[in-house]
Amino acid sequence: QAQVKESGGRTVQTGGSLKLSCVISGRTFSTYAAGWFRQAPGKEREFVAGISWTGSTAEYADSVKGRFTISKDSATEIVYLQMNALEPEDTAVYYCAAKRTPLTSRTFSDIREVDYWGQGTQVTVSP
């Protein structure tokens, strides 16, 4: 059992930066992977980045490599997504997710297997 809640979404200009936060609380399991997904209007929800429960391992979608960084504060259990060099194509609702497995390159390959979702936070990148 766990509760997931994101925050930090807003409108930014092209080339700008934004940092999203995700609090995972009430967790009753020790090993898990946390991740960020996004869903643009008319498109399917897609994986953006994932991180292991220790914060030592991360995975990224090719579309955000070199621009986005996922991190985790072990003391507060907050998962961050630092987004730089934002483009209009990054406009979407961003969702935080958690899965009760270790992180591998295939952990978040099937969104139907995600155990917990947040409610989403809107990120809009203006031209």
# chains A, B, ... in the order shown; residues from 1 in each chain; ligands from 1
call {"tool": "closest_atom_pairs", "arguments": {"of": "range 28-66 of chain A", "to": "range 92-115 of chain A", "cutoff": "9 Å", "atoms": "only C-alpha atoms", "output": "CSV"}}
result
residue,atom,partner,partner_atom,distance
A:Phe29,CA,A:Arg100,CA,7.3
A:Ser30,CA,A:Arg100,CA,8.2
A:Thr31,CA,A:Thr101,CA,6.2
A:Tyr32,CA,A:Arg100,CA,4.3
A:Ala33,CA,A:Leu103,CA,5.2
A:Ala34,CA,A:Ala98,CA,4.4
A:Gly35,CA,A:Ala97,CA,5.1
A:Trp36,CA,A:Cys96,CA,4.6
A:Phe37,CA,A:Tyr95,CA,5.1
A:Arg38,CA,A:Tyr94,CA,4.3
A:Gln39,CA,A:Ala92,CA,5.2
A:Ala40,CA,A:Ala92,CA,4.2
A:Pro41,CA,A:Ala92,CA,7.1
A:Arg45,CA,A:Ile111,CA,8.0
A:Glu46,CA,A:Ile111,CA,8.1
A:Phe47,CA,A:Phe108,CA,6.9
A:Val48,CA,A:Tyr94,CA,9.0
A:Ala49,CA,A:Phe108,CA,8.9
A:Gly50,CA,A:Leu103,CA,7.4
A:Ile51,CA,A:Leu103,CA,6.5
A:Ser52,CA,A:Leu103,CA,5.0
A:Trp53,CA,A:Pro102,CA,7.3
A:Thr57,CA,A:Leu103,CA,7.4
A:Ala58,CA,A:Leu103,CA,7.8
A:Glu59,CA,A:Ser105,CA,6.5
A:Tyr60,CA,A:Ser105,CA,8.9
call {"tool": "residues_around", "arguments": {"residues": "Leu20 in chain A", "least_positions_apart": "2", "cutoff": "7 Å", "atoms": "only C-alpha atoms", "output": "PyMOL selection string"}}
result
chain A and resi 7-9+18+22+80-82
call {"tool": "atom_distance", "arguments": {"atom1": "CA of Gln122 in chain A", "atom2": "CA of Val12 in chain A"}}
result
11.0 Å
call {"tool": "atom_distance", "arguments": {"atom1": "CA of Ala2 in chain A", "atom2": "CA of Gly120 in chain A"}}
result
15.7 Å
call {"tool": "residues_around", "arguments": {"residues": "range 74-79 of chain A", "least_positions_apart": "2", "cutoff": "6 Å", "atoms": "only C-alpha atoms", "output": "list of chain:residue names"}}
result
A:Ser21, A:Cys22, A:Val23, A:Ser71, A:Lys72
call {"tool": "write_last_selection", "arguments": {"atoms": "C-alpha atoms", "output": "mmCIF file, in the first residue's frame"}}
result
data_model
loop_
_atom_site.group_PDB
_atom_site.id
_atom_site.type_symbol
_atom_site.label_atom_id
_atom_site.label_comp_id
_atom_site.auth_asym_id
_atom_site.auth_seq_id
_atom_site.Cartn_x
_atom_site.Cartn_y
_atom_site.Cartn_z
ATOM 1 C CA SER A 21 8.328 16.487 -7.033
ATOM 2 C CA CYS A 22 6.663 13.244 -6.030
ATOM 3 C CA VAL A 23 5.953 12.154 -2.483
ATOM 4 C CA SER A 71 16.675 11.699 -8.377
ATOM 5 C CA LYS A 72 15.488 10.564 -4.975
#
call {"tool": "select_by_dssp", "arguments": {"residues": "chain A", "states": "strand (DSSP E or B)", "output": "JSON, numbers by chain"}}
result
{"A": [3, 4, 5, 6, 7, 11, 12, 13, 18, 19, 20, 21, 22, 23, 24, 25, 33, 34, 35, 36, 37, 38, 39, 46, 47, 48, 49, 50, 51, 52, 58, 59, 60, 68, 69, 70, 71, 72, 73, 78, 79, 80, 81, 82, 83, 92, 93, 94, 95, 96, 97, 98, 99, 116, 117, 121, 122, 123, 124, 125, 126]}
call {"tool": "residues_around", "arguments": {"residues": "Pro88 in chain A", "least_positions_apart": "5", "cutoff": "7 Å", "atoms": "only C-alpha atoms", "output": "ChimeraX atom specification"}}
result
/A:14,125-127
call {"tool": "closest_residue", "arguments": {"among": "A:Val4, A:Val64, A:Trp117, A:Ser56", "to": "Glu89 in chain A", "atoms": "only C-alpha atoms"}}
result
A:Val64
call {"tool": "atom_distance", "arguments": {"atom1": "CA of Gly26 in chain A", "atom2": "CA of Ala61 in chain A"}}
result
28.2 Å
call {"tool": "closest_residue", "arguments": {"among": "A:Gln3, A:Lys19, A:Gly42, A:Gly118", "to": "Ala85 in chain A", "atoms": "only C-alpha atoms"}}
result
A:Lys19
call {"tool": "closest_residue", "arguments": {"among": "A:Thr54, A:Thr91, A:Gln119, A:Asp73", "to": "Arg10 in chain A", "atoms": "only C-alpha atoms"}}
result
A:Thr91
